[in-house]
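Trainee: Dropping a structure here in structure tokens format, bear with me for questions.
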Amino acid sequence: MRVSDFSATYLPASGEIELAWTTADETEITGFNLWRSTSEGGTREKLNDALITASQQPLGDTYTFFDDDLVAGQAYYYWLEVMGDAGPPDTIGPRSARAGWLYYFPLFQN
């Protein structure tokens, strides 16, 4: 397996979902695409405009992508598409995370 880890984690401090993945070997990987849906079997939309280029490290690398186009309370499902030098892409996922609620409490001085 060329990708050893893929996760989706909601970050309350920033209100984003962090997508993180680690590769074990990149000698045959050209790059990555990230896909998102609001249901596991729903229509997927590509998150990245251009291919996320692989670093081509023989011992692998670590990547992060932040999804900030979220609706509070909504669950999101993510897939990582691994593009190789030859053959069809590998797809990993889904991984899911739920966008939380951001609260704003203004402070007033008396």
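The way I read the labels, and the way they are meant: chains A, B, ... in the order of the structure tokens, residue 1 as the first residue of every chain, and ligand 1 as the first ligand shown, with later ones counted on from there.
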Could you pull out the residues in segment 23-68 of chain A that DSSP calls strand (DSSP E or B) from the backbone, as a VMD selection string?
Mentor: chain A and resid 23 29 to 37 45 to 46 52 to 53 62 to 67
Trainee: Please provide as a ChimeraX atom specification all residues within 10 Å of Thr62 of chain A, with the sequence filter that same-chain residues fewer than 2 positions apart are discarded (counting only C-alpha atoms).
Mentor: /A:3-6,20-24,54-55,60,64
Trainee: Can you spit out the residues from that selection as a PDB file, in the first residue's frame, using N, CA and C atoms?
Mentor:
```pdb
ATOM      1  N   VAL A   3      -0.152   4.417   0.385  1.00  0.00           N
ATOM      2  CA  VAL A   3      -0.580   5.375   1.406  1.00  0.00           C
ATOM      3  C   VAL A   3      -0.782   4.601   2.697  1.00  0.00           C
ATOM      4  N   SER A   4      -0.074   5.012   3.754  1.00  0.00           N
ATOM      5  CA  SER A   4      -0.138   4.270   5.009  1.00  0.00           C
ATOM      6  C   SER A   4      -1.170   4.839   5.982  1.00  0.00           C
ATOM      7  N   ASP A   5      -1.643   6.068   5.748  1.00  0.00           N
ATOM      8  CA  ASP A   5      -2.625   6.661   6.658  1.00  0.00           C
ATOM      9  C   ASP A   5      -3.382   7.765   5.930  1.00  0.00           C
ATOM     10  N   PHE A   6      -4.691   7.868   6.202  1.00  0.00           N
ATOM     11  CA  PHE A   6      -5.529   8.933   5.660  1.00  0.00           C
ATOM     12  C   PHE A   6      -6.594   9.236   6.698  1.00  0.00           C
ATOM     13  N   ALA A  20      -5.421  14.650   6.294  1.00  0.00           N
ATOM     14  CA  ALA A  20      -3.990  14.361   6.406  1.00  0.00           C
ATOM     15  C   ALA A  20      -3.730  12.949   5.893  1.00  0.00           C
ATOM     16  N   TRP A  21      -2.643  12.797   5.175  1.00  0.00           N
ATOM     17  CA  TRP A  21      -2.272  11.469   4.716  1.00  0.00           C
ATOM     18  C   TRP A  21      -0.764  11.341   4.678  1.00  0.00           C
ATOM     19  N   THR A  22      -0.327  10.097   4.815  1.00  0.00           N
ATOM     20  CA  THR A  22       1.089   9.762   4.821  1.00  0.00           C
ATOM     21  C   THR A  22       1.317   8.667   3.791  1.00  0.00           C
ATOM     22  N   THR A  23       2.362   8.821   3.038  1.00  0.00           N
ATOM     23  CA  THR A  23       2.726   7.803   2.059  1.00  0.00           C
ATOM     24  C   THR A  23       3.903   6.986   2.583  1.00  0.00           C
ATOM     25  N   ALA A  24       3.972   5.745   2.139  1.00  0.00           N
ATOM     26  CA  ALA A  24       5.085   4.879   2.528  1.00  0.00           C
ATOM     27  C   ALA A  24       6.171   4.873   1.458  1.00  0.00           C
ATOM     28  N   ALA A  54       2.961  14.970  -5.795  1.00  0.00           N
ATOM     29  CA  ALA A  54       3.717  14.131  -4.856  1.00  0.00           C
ATOM     30  C   ALA A  54       5.167  14.602  -4.809  1.00  0.00           C
ATOM     31  N   SER A  55       5.787  14.445  -3.652  1.00  0.00           N
ATOM     32  CA  SER A  55       7.174  14.887  -3.490  1.00  0.00           C
ATOM     33  C   SER A  55       8.179  13.904  -4.080  1.00  0.00           C
ATOM     34  N   GLY A  60       8.546   8.077   1.418  1.00  0.00           N
ATOM     35  CA  GLY A  60       7.233   8.642   1.691  1.00  0.00           C
ATOM     36  C   GLY A  60       7.291  10.062   2.218  1.00  0.00           C
ATOM     37  N   THR A  64      -1.091  17.619   4.151  1.00  0.00           N
ATOM     38  CA  THR A  64      -2.307  18.110   4.786  1.00  0.00           C
ATOM     39  C   THR A  64      -3.047  19.023   3.817  1.00  0.00           C
TER      40      THR A  64
END
```
Trainee: I'd like the neighbourhood of segment 80-97 of chain A as a PyMOL selection string, where a residue qualifies if any of its atoms comes within 10 Å (using only C-alpha atoms), though same-chain residues fewer than 3 positions away should be ignored.
Mentor: chain A and resi 1-3+5-11+17-21+26-41+46+51-54+73-77+100
Trainee: Rounded to one decimal, what separation in Å do you get between atom CA of Ala50 of chain A and atom CA of Gly15 of chain A?
Mentor: 23.6 Å
Trainee: Kindly give the distance, in Å, that separates atom CA of Phe66 of chain A and atom CA of Asp25 of chain A, rounded to a single decimal.
Mentor: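 These atoms are spaced 23.1 Å apart.
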